[in-house]
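**Student:** Got a structure here, written out as structure tokens. Questions coming.
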Amino acid sequence: MAINQSTQQPAKRNPWAWIPTLYFAEGIPYVVVMTVALIMFKRFGISNTDIALYTSWLYLPWVIKPLWSPIVDLLRTKRWWIIVMQLIIGASLGAIALSIPLPSFFKISLIFFWLLAFSSATHDIAADGFYMLGLDEHQQAYFVGIRSTFYRIAMITGQGLLIILAGFFETSTGLSPIEINVSANPATATEIRLPEVPIQSAITDGKTYFSVFPEKAMISTENIPVEKLDSIKRIVNQYNQENHFIPTRTDNKVISEKKAEKSWWSNSVSDPLKEFLKKHFEVKKQPTAKNSLVGNVSVVAVKLHGTTEANKEMVLNLKFKNGDNSISLIEGERLTFNSLNHDKPAYLIFQCDPKSRRATTASFKGTSGNIHLAWSITFVILAVLFVVFALYHKFILPHPKTDLDSGVDAGNLFKDFFNTFGSFFKRKDIGVIIAFLMLYRVGEAQLIKMASPFMLDPRNIGGLGLTTSNVGLLYGTFGILALTIGGILGGIAASTKGFRYWLWWMVMAINLPHLAYVYLSFAQPENQLIIGLCVVVEQFSYGFGFTAYMLYMIYISEGKNKTAHFAIATGFMALGMMLPGMLSGWLQEIIGYQNFFVWVMLCMIPGMIPVFFINVKPEFGIKKKED
């Protein structure tokens, strides 16, 4: 009797009890690796070059995922793989949280991001396989939209709500906000000087806070020569760099010292190409006539009272709050206070519009936070969430009869796998297929890496100067919603007139809206409604245009080995995002955001070339009457 009871099949689970949570858990680690890591490293001050290069390498597990999928089939059950991978994902997230406060956090956290990426890719294999084993054919068709919806919800949660949460922690873990009031008046004296900062009292009552000198900044509306403004900006910028309030730019001396350590690639390819790009495409300021007059300025000092722990930093972000926007902040939007500079003041520069001749005022708000602590808390929450997922799925996932250890001999399994793998590359149109898969999104692959840094970077270096929460709301929430709607409408459109009819419309849709970022980089609008509209338009069009990519992968996968060939196509899809993304940060830092987004527009040309050679049945994609 005991044996009979142990082999008795458990009661069937309602698919609604596990499909939403399973695919939500599948989407979260992917978006953490692809987007959240990028934004987090940007907030830590990592360069765009390093961010794009190293986060693009994290695509690799999805590129080579088809290579180890047989192992998931051969060893243990899909159910076992799901639960174990969720525990490893949780452990990886926890390890990232613990590594963030460490001095070498970038290298250490990347190691655990790699573990997270491989675990996530393996979880994808097991979850998709379990979906087919745990449901009958009718249920698979019914819940395909449900699983996609909860995967998208995970994307919104990761790129939107999670980033907003991190932004909240960034501000709530800091000191009391400060407010800087600036007045412009024709009666104000034109003398400009660095404000005097009182010596910090030895007694601070154990409190840490920011103070502003002078308490109210005054600007004369009388214009000053451009040489005088340049001199003031140079002095303040150099001071802030030398005292580590803002990132220090690499100079020629540092480069020459490291020249001997460079590889053949750097000396023969990378550096010459960089010099060529800088010579011909680097953003250069327009020369201003020597006698030109510009708006007057006022210099304000911000001082941190109290001390900061070693390896800890407090970041002060200053934004326009209200008043007349003819007064602007041109230096000091993001200042970092740490143990190296806590006893020194940082300087900001406010400027009045040269056309302004009347008395006016504006106020700016400064919020601070412990950036490392904020992101550590965020990843701890994620780690706990995945432990809960693993425990929940341990008890709630069904036990399909077909989800068993494979009895197939390992040698035969891998032999069949490599035969299947080889059949994909024996197609007569394999060149066109690979070219399309690799080039269709070559522009988007670069844009997606630089979109968030562009929004976060200060305006004085070409960015939009948004906060972390603003990026989470505009790009990670409204953008993902627009992406989802675009994808849905793309699918509906393809089912009415077919893939071939809509192909070129979708090609244009995925490329032309990149003009929105060209506009944003040149205009640098402050109105968040305009920024959000540009993001929504680009993401909606991307969702609509990406439909062609998905349909083409389905089309080329049809046949005897449909599942395996589709998996290979997804590998090329990931590779097509990985390779262009790796160089995007390096390129952007050389030529600037404006030229970079123009370059992204030009990348539509190689993406369009393979489309001319695609041959698809006219009826493919059209919904049949019996369907």
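In the structure tokens, chains take letters A, B, ... by order of appearance, with residues numbered from 1 within each chain and ligands from 1 in the order shown.
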Would you mind listing what lies within 12 Å of stretch 544-547 of chain A as a ChimeraX atom specification, with only C-alpha atoms counted and same-chain residues fewer than 6 positions away left out?

**Tutor:** /A:437,440-441,444,482-495,498-500,502-513,537-538,553-554,573,621

**Student:** So that I have them on file, write out the residues from the current selection with N, CA, C and O atoms, as a compact mmCIF listing (two decimals), in the first residue's frame.

**Tutor:**
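Dumped to selection05.txt:
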```txt
# COMPACT_ATOMS: atom_id res chain seq x y z
N LEU A 437 19.01 38.34 -38.92
CA LEU A 437 18.96 38.19 -37.47
C LEU A 437 20.00 39.08 -36.77
O LEU A 437 19.76 39.59 -35.67
N TYR A 440 19.09 43.39 -38.23
CA TYR A 440 17.78 44.05 -38.20
C TYR A 440 17.67 45.05 -37.05
O TYR A 440 17.08 46.12 -37.19
N ARG A 441 18.27 44.73 -35.91
CA ARG A 441 18.17 45.61 -34.73
C ARG A 441 19.52 46.25 -34.38
O ARG A 441 19.74 46.58 -33.21
N GLU A 444 18.91 49.68 -32.76
CA GLU A 444 18.24 49.56 -31.47
C GLU A 444 19.16 48.95 -30.43
O GLU A 444 19.10 49.31 -29.24
N ALA A 482 4.06 51.09 -23.76
CA ALA A 482 3.99 51.41 -25.19
C ALA A 482 4.60 50.30 -26.03
O ALA A 482 4.08 49.94 -27.09
N LEU A 483 5.70 49.71 -25.55
CA LEU A 483 6.33 48.59 -26.24
C LEU A 483 5.37 47.41 -26.35
O LEU A 483 5.26 46.78 -27.41
N THR A 484 4.68 47.12 -25.26
CA THR A 484 3.73 46.01 -25.24
C THR A 484 2.57 46.24 -26.20
O THR A 484 2.20 45.35 -26.97
N ILE A 485 2.01 47.45 -26.16
CA ILE A 485 0.89 47.77 -27.05
C ILE A 485 1.32 47.71 -28.51
O ILE A 485 0.60 47.19 -29.37
N GLY A 486 2.52 48.21 -28.79
CA GLY A 486 3.03 48.15 -30.16
C GLY A 486 3.18 46.72 -30.64
O GLY A 486 2.86 46.40 -31.80
N GLY A 487 3.66 45.84 -29.75
CA GLY A 487 3.81 44.44 -30.11
C GLY A 487 2.47 43.77 -30.37
O GLY A 487 2.32 42.97 -31.31
N ILE A 488 1.48 44.09 -29.54
CA ILE A 488 0.14 43.51 -29.72
C ILE A 488 -0.46 43.95 -31.05
O ILE A 488 -0.98 43.14 -31.82
N LEU A 489 -0.37 45.25 -31.34
CA LEU A 489 -0.93 45.76 -32.60
C LEU A 489 -0.17 45.21 -33.80
O LEU A 489 -0.75 44.98 -34.86
N GLY A 490 1.14 44.99 -33.63
CA GLY A 490 1.91 44.39 -34.71
C GLY A 490 1.43 42.99 -35.02
O GLY A 490 1.32 42.60 -36.20
N GLY A 491 1.14 42.20 -33.98
CA GLY A 491 0.62 40.86 -34.18
C GLY A 491 -0.74 40.87 -34.83
O GLY A 491 -1.02 40.05 -35.73
N ILE A 492 -1.61 41.79 -34.42
CA ILE A 492 -2.94 41.89 -35.02
C ILE A 492 -2.83 42.27 -36.49
O ILE A 492 -3.52 41.71 -37.36
N ALA A 493 -1.95 43.24 -36.78
CA ALA A 493 -1.77 43.68 -38.17
C ALA A 493 -1.28 42.54 -39.05
O ALA A 493 -1.79 42.33 -40.16
N ALA A 494 -0.30 41.78 -38.55
CA ALA A 494 0.25 40.67 -39.34
C ALA A 494 -0.78 39.58 -39.59
O ALA A 494 -0.74 38.89 -40.61
N SER A 495 -1.72 39.42 -38.65
CA SER A 495 -2.73 38.37 -38.81
C SER A 495 -3.82 38.76 -39.79
O SER A 495 -4.62 37.91 -40.20
N GLY A 498 -0.94 39.62 -43.39
CA GLY A 498 0.23 38.78 -43.56
C GLY A 498 1.55 39.49 -43.31
O GLY A 498 1.65 40.71 -43.35
N PHE A 499 2.55 38.68 -43.06
CA PHE A 499 3.88 39.17 -42.72
C PHE A 499 4.51 39.95 -43.88
O PHE A 499 5.10 41.00 -43.69
N ARG A 500 4.39 39.42 -45.10
CA ARG A 500 5.04 40.07 -46.24
C ARG A 500 4.49 41.47 -46.46
O ARG A 500 5.25 42.42 -46.75
N TRP A 502 3.29 43.62 -44.29
CA TRP A 502 3.69 44.58 -43.26
C TRP A 502 5.19 44.67 -43.06
O TRP A 502 5.66 45.48 -42.26
N LEU A 503 5.98 43.86 -43.76
CA LEU A 503 7.42 43.78 -43.49
C LEU A 503 8.10 45.15 -43.57
O LEU A 503 8.77 45.58 -42.63
N TRP A 504 7.92 45.85 -44.67
CA TRP A 504 8.62 47.14 -44.83
C TRP A 504 8.06 48.21 -43.89
O TRP A 504 8.80 49.09 -43.44
N TRP A 505 6.77 48.14 -43.60
CA TRP A 505 6.21 49.06 -42.62
C TRP A 505 6.87 48.85 -41.25
O TRP A 505 7.18 49.82 -40.53
N MET A 506 7.11 47.61 -40.91
CA MET A 506 7.73 47.30 -39.63
C MET A 506 9.21 47.66 -39.61
O MET A 506 9.76 48.08 -38.59
N VAL A 507 9.86 47.50 -40.78
CA VAL A 507 11.27 47.92 -40.89
C VAL A 507 11.39 49.42 -40.62
O VAL A 507 12.29 49.87 -39.90
N MET A 508 10.50 50.20 -41.22
CA MET A 508 10.51 51.65 -40.99
C MET A 508 10.17 51.98 -39.55
O MET A 508 10.74 52.90 -38.94
N ALA A 509 9.22 51.23 -38.98
CA ALA A 509 8.77 51.51 -37.61
C ALA A 509 9.88 51.30 -36.59
O ALA A 509 9.98 52.03 -35.61
N ILE A 510 10.74 50.33 -36.81
CA ILE A 510 11.78 50.03 -35.82
C ILE A 510 12.99 50.96 -35.96
O ILE A 510 13.84 51.03 -35.07
N ASN A 511 13.06 51.70 -37.08
CA ASN A 511 14.23 52.55 -37.32
C ASN A 511 13.95 54.05 -37.30
O ASN A 511 14.66 54.81 -36.63
N LEU A 512 12.94 54.50 -38.02
CA LEU A 512 12.70 55.94 -38.14
C LEU A 512 12.44 56.64 -36.81
O LEU A 512 12.90 57.77 -36.60
N PRO A 513 11.71 56.03 -35.85
CA PRO A 513 11.47 56.73 -34.57
C PRO A 513 12.73 56.99 -33.74
O PRO A 513 12.64 57.66 -32.71
N VAL A 537 6.75 57.08 -28.12
CA VAL A 537 6.69 56.91 -29.58
C VAL A 537 7.75 55.92 -30.04
O VAL A 537 7.48 55.01 -30.84
N GLU A 538 9.00 56.08 -29.53
CA GLU A 538 10.07 55.19 -29.95
C GLU A 538 9.82 53.76 -29.51
O GLU A 538 10.02 52.82 -30.28
N MET A 553 11.61 34.67 -37.34
CA MET A 553 12.21 33.55 -36.61
C MET A 553 11.28 32.34 -36.62
O MET A 553 11.73 31.20 -36.75
N ILE A 554 9.98 32.58 -36.47
CA ILE A 554 9.02 31.48 -36.52
C ILE A 554 9.01 30.87 -37.92
O ILE A 554 8.98 29.64 -38.08
N MET A 573 19.59 36.12 -32.15
CA MET A 573 18.90 37.34 -31.73
C MET A 573 19.66 38.01 -30.58
O MET A 573 19.89 39.22 -30.60
N GLY A 621 1.32 34.18 -41.74
CA GLY A 621 0.92 35.11 -40.70
C GLY A 621 -0.55 35.45 -40.70
O GLY A 621 -1.08 35.91 -39.70
```

**Student:** I want to know what sits within 12 Å of stretch 102-105 of chain A, based on only C-alpha atoms, with residues of the same chain fewer than 3 positions away left out; could you give that as a compact mmCIF listing (two decimals) with N, CA, C and O atoms, in the first residue's frame?

**Tutor:**
```
# COMPACT_ATOMS: atom_id res chain seq x y z
N MET A 40 22.00 50.97 -12.49
CA MET A 40 22.71 50.96 -11.21
C MET A 40 24.17 51.37 -11.39
O MET A 40 24.68 52.22 -10.66
N PHE A 41 24.86 50.79 -12.37
CA PHE A 41 26.26 51.14 -12.59
C PHE A 41 26.40 52.60 -12.99
O PHE A 41 27.38 53.26 -12.63
N PHE A 44 26.41 54.67 -10.01
CA PHE A 44 27.66 54.54 -9.26
C PHE A 44 28.81 55.29 -9.92
O PHE A 44 29.93 55.24 -9.42
N ILE A 46 30.07 54.71 -13.05
CA ILE A 46 30.84 53.93 -14.01
C ILE A 46 30.70 54.58 -15.39
O ILE A 46 29.63 55.07 -15.75
N ALA A 95 24.03 38.08 -3.18
CA ALA A 95 25.48 38.31 -3.26
C ALA A 95 25.78 39.67 -3.90
O ALA A 95 26.72 40.37 -3.48
N ILE A 96 24.99 40.07 -4.89
CA ILE A 96 25.16 41.40 -5.49
C ILE A 96 24.91 42.48 -4.45
O ILE A 96 25.66 43.46 -4.35
N ALA A 97 23.85 42.29 -3.65
CA ALA A 97 23.55 43.26 -2.60
C ALA A 97 24.70 43.40 -1.61
O ALA A 97 25.04 44.51 -1.16
N LEU A 98 25.33 42.28 -1.26
CA LEU A 98 26.45 42.30 -0.31
C LEU A 98 27.72 42.89 -0.93
O LEU A 98 28.57 43.45 -0.23
N SER A 99 27.87 42.74 -2.25
CA SER A 99 29.09 43.22 -2.91
C SER A 99 29.07 44.72 -3.18
O SER A 99 30.13 45.34 -3.35
N ILE A 108 33.38 42.53 -8.51
CA ILE A 108 32.73 41.46 -7.74
C ILE A 108 31.27 41.30 -8.16
O ILE A 108 30.79 40.18 -8.37
N SER A 109 30.58 42.42 -8.29
CA SER A 109 29.16 42.33 -8.67
C SER A 109 28.99 41.75 -10.07
O SER A 109 28.02 41.03 -10.33
N LEU A 110 29.93 42.04 -10.98
CA LEU A 110 29.84 41.47 -12.33
C LEU A 110 29.93 39.95 -12.31
O LEU A 110 29.27 39.27 -13.11
N ILE A 111 30.74 39.42 -11.40
CA ILE A 111 30.83 37.96 -11.27
C ILE A 111 29.46 37.37 -10.94
O ILE A 111 29.02 36.38 -11.54
N PHE A 112 28.77 37.99 -10.00
CA PHE A 112 27.46 37.47 -9.59
C PHE A 112 26.38 37.81 -10.62
O PHE A 112 25.38 37.09 -10.72
N PHE A 113 26.56 38.89 -11.38
CA PHE A 113 25.64 39.15 -12.48
C PHE A 113 25.78 38.05 -13.55
O PHE A 113 24.79 37.66 -14.18
N ALA A 310 34.61 55.56 5.50
CA ALA A 310 35.46 55.17 4.37
C ALA A 310 34.66 54.30 3.41
O ALA A 310 33.85 53.47 3.82
N ASN A 311 34.89 54.52 2.12
CA ASN A 311 34.22 53.76 1.04
C ASN A 311 32.73 54.04 0.95
O ASN A 311 32.00 53.33 0.27
N LYS A 312 32.27 55.06 1.68
CA LYS A 312 30.86 55.46 1.60
C LYS A 312 30.80 56.81 0.91
O LYS A 312 31.72 57.62 1.01
N GLU A 313 29.71 57.06 0.23
CA GLU A 313 29.57 58.35 -0.42
C GLU A 313 28.13 58.84 -0.34
O GLU A 313 27.19 58.04 -0.26
N HIS A 372 24.87 53.53 -2.68
CA HIS A 372 25.20 52.11 -2.51
C HIS A 372 24.20 51.42 -1.59
O HIS A 372 23.77 50.29 -1.85
N LEU A 373 23.84 52.08 -0.49
CA LEU A 373 22.88 51.49 0.44
C LEU A 373 21.52 51.31 -0.23
O LEU A 373 20.85 50.29 -0.06
N SER A 376 21.66 48.36 -2.51
CA SER A 376 21.78 47.13 -1.72
C SER A 376 20.42 46.70 -1.19
O SER A 376 20.06 45.52 -1.25
```

**Student:** Give me, as a PyMOL selection string, all polymer residues having an atom no more than 10 Å from stretch 85-91 of chain A, counting only C-alpha atoms and skipping those fewer than 2 positions away in the same chain.

**Tutor:** chain A and resi 22+25-26+29+80-83+93-97+112-113+115-124+126+379-391+393

**Student:** Considering only C-alpha atoms, return as a compact mmCIF listing (two decimals) with N, CA, C and O atoms, in the first residue's frame whatever protein or nucleic-acid residues lie within 9 Å of stretch 581-583 of chain A, sequence-local ones (same chain, fewer than 2 positions apart) excluded.

**Tutor:**
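Everything below was put into result-v2.txt:
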```txt
# COMPACT_ATOMS: atom_id res chain seq x y z
N THR A 49 31.43 53.67 -21.44
CA THR A 49 32.20 52.64 -22.16
C THR A 49 32.17 51.32 -21.41
O THR A 49 31.89 50.27 -21.98
N ASP A 50 32.48 51.36 -20.12
CA ASP A 50 32.50 50.14 -19.31
C ASP A 50 31.10 49.56 -19.13
O ASP A 50 30.92 48.33 -19.17
N ILE A 51 30.12 50.41 -18.94
CA ILE A 51 28.75 49.92 -18.76
C ILE A 51 28.30 49.14 -19.99
O ILE A 51 27.80 48.02 -19.89
N ALA A 52 28.45 49.75 -21.17
CA ALA A 52 27.99 49.10 -22.39
C ALA A 52 28.76 47.82 -22.67
O ALA A 52 28.18 46.80 -23.06
N LEU A 53 30.09 47.85 -22.46
CA LEU A 53 30.91 46.69 -22.76
C LEU A 53 30.56 45.51 -21.86
O LEU A 53 30.26 44.40 -22.35
N TYR A 54 30.57 45.72 -20.56
CA TYR A 54 30.42 44.60 -19.63
C TYR A 54 28.98 44.12 -19.51
O TYR A 54 28.73 42.92 -19.34
N THR A 55 28.01 45.03 -19.57
CA THR A 55 26.62 44.57 -19.51
C THR A 55 26.21 43.88 -20.81
O THR A 55 25.33 43.02 -20.80
N SER A 56 26.84 44.26 -21.93
CA SER A 56 26.54 43.55 -23.18
C SER A 56 27.05 42.12 -23.14
O SER A 56 26.43 41.21 -23.71
N TRP A 57 28.19 41.89 -22.47
CA TRP A 57 28.69 40.53 -22.34
C TRP A 57 27.71 39.64 -21.58
O TRP A 57 27.72 38.41 -21.73
N VAL A 442 20.40 46.43 -35.34
CA VAL A 442 21.73 46.93 -35.02
C VAL A 442 21.68 48.35 -34.43
O VAL A 442 22.49 48.71 -33.58
N GLU A 444 18.91 49.68 -32.76
CA GLU A 444 18.24 49.56 -31.47
C GLU A 444 19.16 48.95 -30.43
O GLU A 444 19.10 49.31 -29.24
N ALA A 445 20.03 48.02 -30.82
CA ALA A 445 20.95 47.38 -29.88
C ALA A 445 21.88 48.40 -29.24
O ALA A 445 22.26 48.27 -28.07
N GLN A 446 22.25 49.43 -29.99
CA GLN A 446 23.12 50.48 -29.45
C GLN A 446 22.32 51.51 -28.66
O GLN A 446 22.75 51.98 -27.61
N LEU A 447 21.15 51.85 -29.18
CA LEU A 447 20.33 52.85 -28.50
C LEU A 447 19.88 52.38 -27.13
O LEU A 447 19.88 53.15 -26.16
N ILE A 448 19.50 51.11 -27.03
CA ILE A 448 18.95 50.60 -25.77
C ILE A 448 19.98 50.64 -24.65
O ILE A 448 19.64 50.77 -23.47
N LYS A 449 21.28 50.55 -25.01
CA LYS A 449 22.34 50.62 -24.01
C LYS A 449 22.58 52.04 -23.51
O LYS A 449 22.98 52.26 -22.37
N MET A 450 22.35 53.02 -24.37
CA MET A 450 22.67 54.40 -24.03
C MET A 450 21.45 55.25 -23.66
O MET A 450 21.60 56.39 -23.23
N GLY A 576 22.96 39.43 -31.82
CA GLY A 576 22.75 40.67 -32.56
C GLY A 576 22.57 41.87 -31.66
O GLY A 576 22.80 43.01 -32.08
N MET A 577 22.14 41.65 -30.43
CA MET A 577 22.05 42.73 -29.44
C MET A 577 23.36 42.89 -28.69
O MET A 577 23.75 44.01 -28.33
N MET A 578 24.06 41.82 -28.48
CA MET A 578 25.27 41.84 -27.66
C MET A 578 26.43 42.57 -28.33
O MET A 578 27.05 43.46 -27.73
N LEU A 579 26.75 42.23 -29.58
CA LEU A 579 27.94 42.77 -30.23
C LEU A 579 27.86 44.28 -30.47
O LEU A 579 28.80 45.01 -30.11
N GLY A 585 28.90 52.30 -25.78
CA GLY A 585 29.35 53.26 -24.78
C GLY A 585 30.67 53.90 -25.16
O GLY A 585 30.88 55.12 -24.98
N TRP A 586 31.59 53.10 -25.70
CA TRP A 586 32.89 53.61 -26.15
C TRP A 586 32.69 54.65 -27.25
O TRP A 586 33.30 55.72 -27.24
N LEU A 587 31.80 54.36 -28.20
CA LEU A 587 31.55 55.27 -29.30
C LEU A 587 30.89 56.55 -28.82
O LEU A 587 31.27 57.65 -29.23
N GLN A 588 29.91 56.41 -27.92
CA GLN A 588 29.20 57.60 -27.44
C GLN A 588 30.13 58.55 -26.70
O GLN A 588 30.02 59.78 -26.86
```

**Student:** Between atom CA of A:Phe424 and atom CA of A:Ile125, measure the distance and give it in Å to one decimal.

**Tutor:** 19.6 Å

**Student:** Give me the residues near A:Met455 as a short mmCIF file (atom, residue, chain, number, x, y, z; two decimals) with N, CA, C and O atoms, in the first residue's frame, where near means some atom within 7 Å (using only C-alpha atoms) and where sequence neighbours in that chain fewer than 3 positions away do not count.

**Tutor:**
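Writing the result to around.cif gives the following:
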```cif
data_model
loop_
_atom_site.label_atom_id
_atom_site.label_comp_id
_atom_site.auth_asym_id
_atom_site.auth_seq_id
_atom_site.Cartn_x
_atom_site.Cartn_y
_atom_site.Cartn_z
N ALA A 451 20.24 54.69 -23.81
CA ALA A 451 19.03 55.47 -23.52
C ALA A 451 18.99 55.90 -22.05
O ALA A 451 18.79 57.08 -21.74
N SER A 452 19.19 54.95 -21.14
CA SER A 452 19.14 55.29 -19.71
C SER A 452 20.29 56.20 -19.28
O SER A 452 20.06 57.20 -18.58
N GLY A 463 23.29 65.19 -21.55
CA GLY A 463 22.18 64.35 -21.12
C GLY A 463 20.93 65.16 -20.82
O GLY A 463 20.85 66.36 -21.10
N LEU A 464 19.94 64.49 -20.23
CA LEU A 464 18.68 65.15 -19.89
C LEU A 464 18.56 65.47 -18.41
O LEU A 464 17.63 66.16 -18.00
N GLY A 465 19.48 64.93 -17.57
CA GLY A 465 19.49 65.28 -16.16
C GLY A 465 18.29 64.79 -15.37
O GLY A 465 17.89 65.43 -14.40
N LEU A 466 17.71 63.64 -15.74
CA LEU A 466 16.56 63.11 -15.01
C LEU A 466 17.02 62.35 -13.77
O LEU A 466 18.16 61.90 -13.69
N VAL A 471 13.43 58.22 -14.65
CA VAL A 471 13.77 57.25 -15.70
C VAL A 471 12.92 56.00 -15.53
O VAL A 471 12.42 55.43 -16.51
#
```

**Student:** Mind giving me the straight-line distance from atom CA of A:Pro214 to atom CA of A:Val315 in Å, one decimal?

**Tutor:**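 Between atom CA of A:Pro214 and atom CA of A:Val315 the gap works out to 20.7 Å.
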
**Student:** Using only C-alpha atoms for the distances, tell me which of A:Tyr501, A:Tyr347, A:Tyr519, A:Phe150 is nearest to A:Val197.

**Tutor:**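 Checking each of A:Tyr501, A:Tyr347, A:Tyr519, A:Phe150 against A:Val197, counting only C-alpha atoms, the winner is A:Tyr347.
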
**Student:** Determine the nearest neighbour of A:Asp343 from the options A:Tyr552, A:Phe522, A:Phe245, A:Trp16, counting only C-alpha atoms.

**Tutor:**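 For A:Asp343, the nearest of the candidates is A:Phe245.
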
**Student:** What does the distance between atom CA of A:Gly27 and atom CA of A:Ile480 come to in Å, to one decimal place?

**Tutor:**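 For atom CA of A:Gly27 relative to atom CA of A:Ile480, the distance reads 12.9 Å.
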
**Student:** Looking at A:Tyr59, A:Phe572, A:Phe168, A:Tyr392, which one is nearest to A:Ile433, with distances taken over only C-alpha atoms?

**Tutor:** A:Phe572

**Student:** Quick one: residues within 9 Å of A:Ile219, only C-alpha atoms, excluding same-chain residues fewer than 3 positions away - as an NGL selection string?

**Tutor:** :A and (182-186 or 188-190 or 192 or 222 or 296-298 or 350-352)
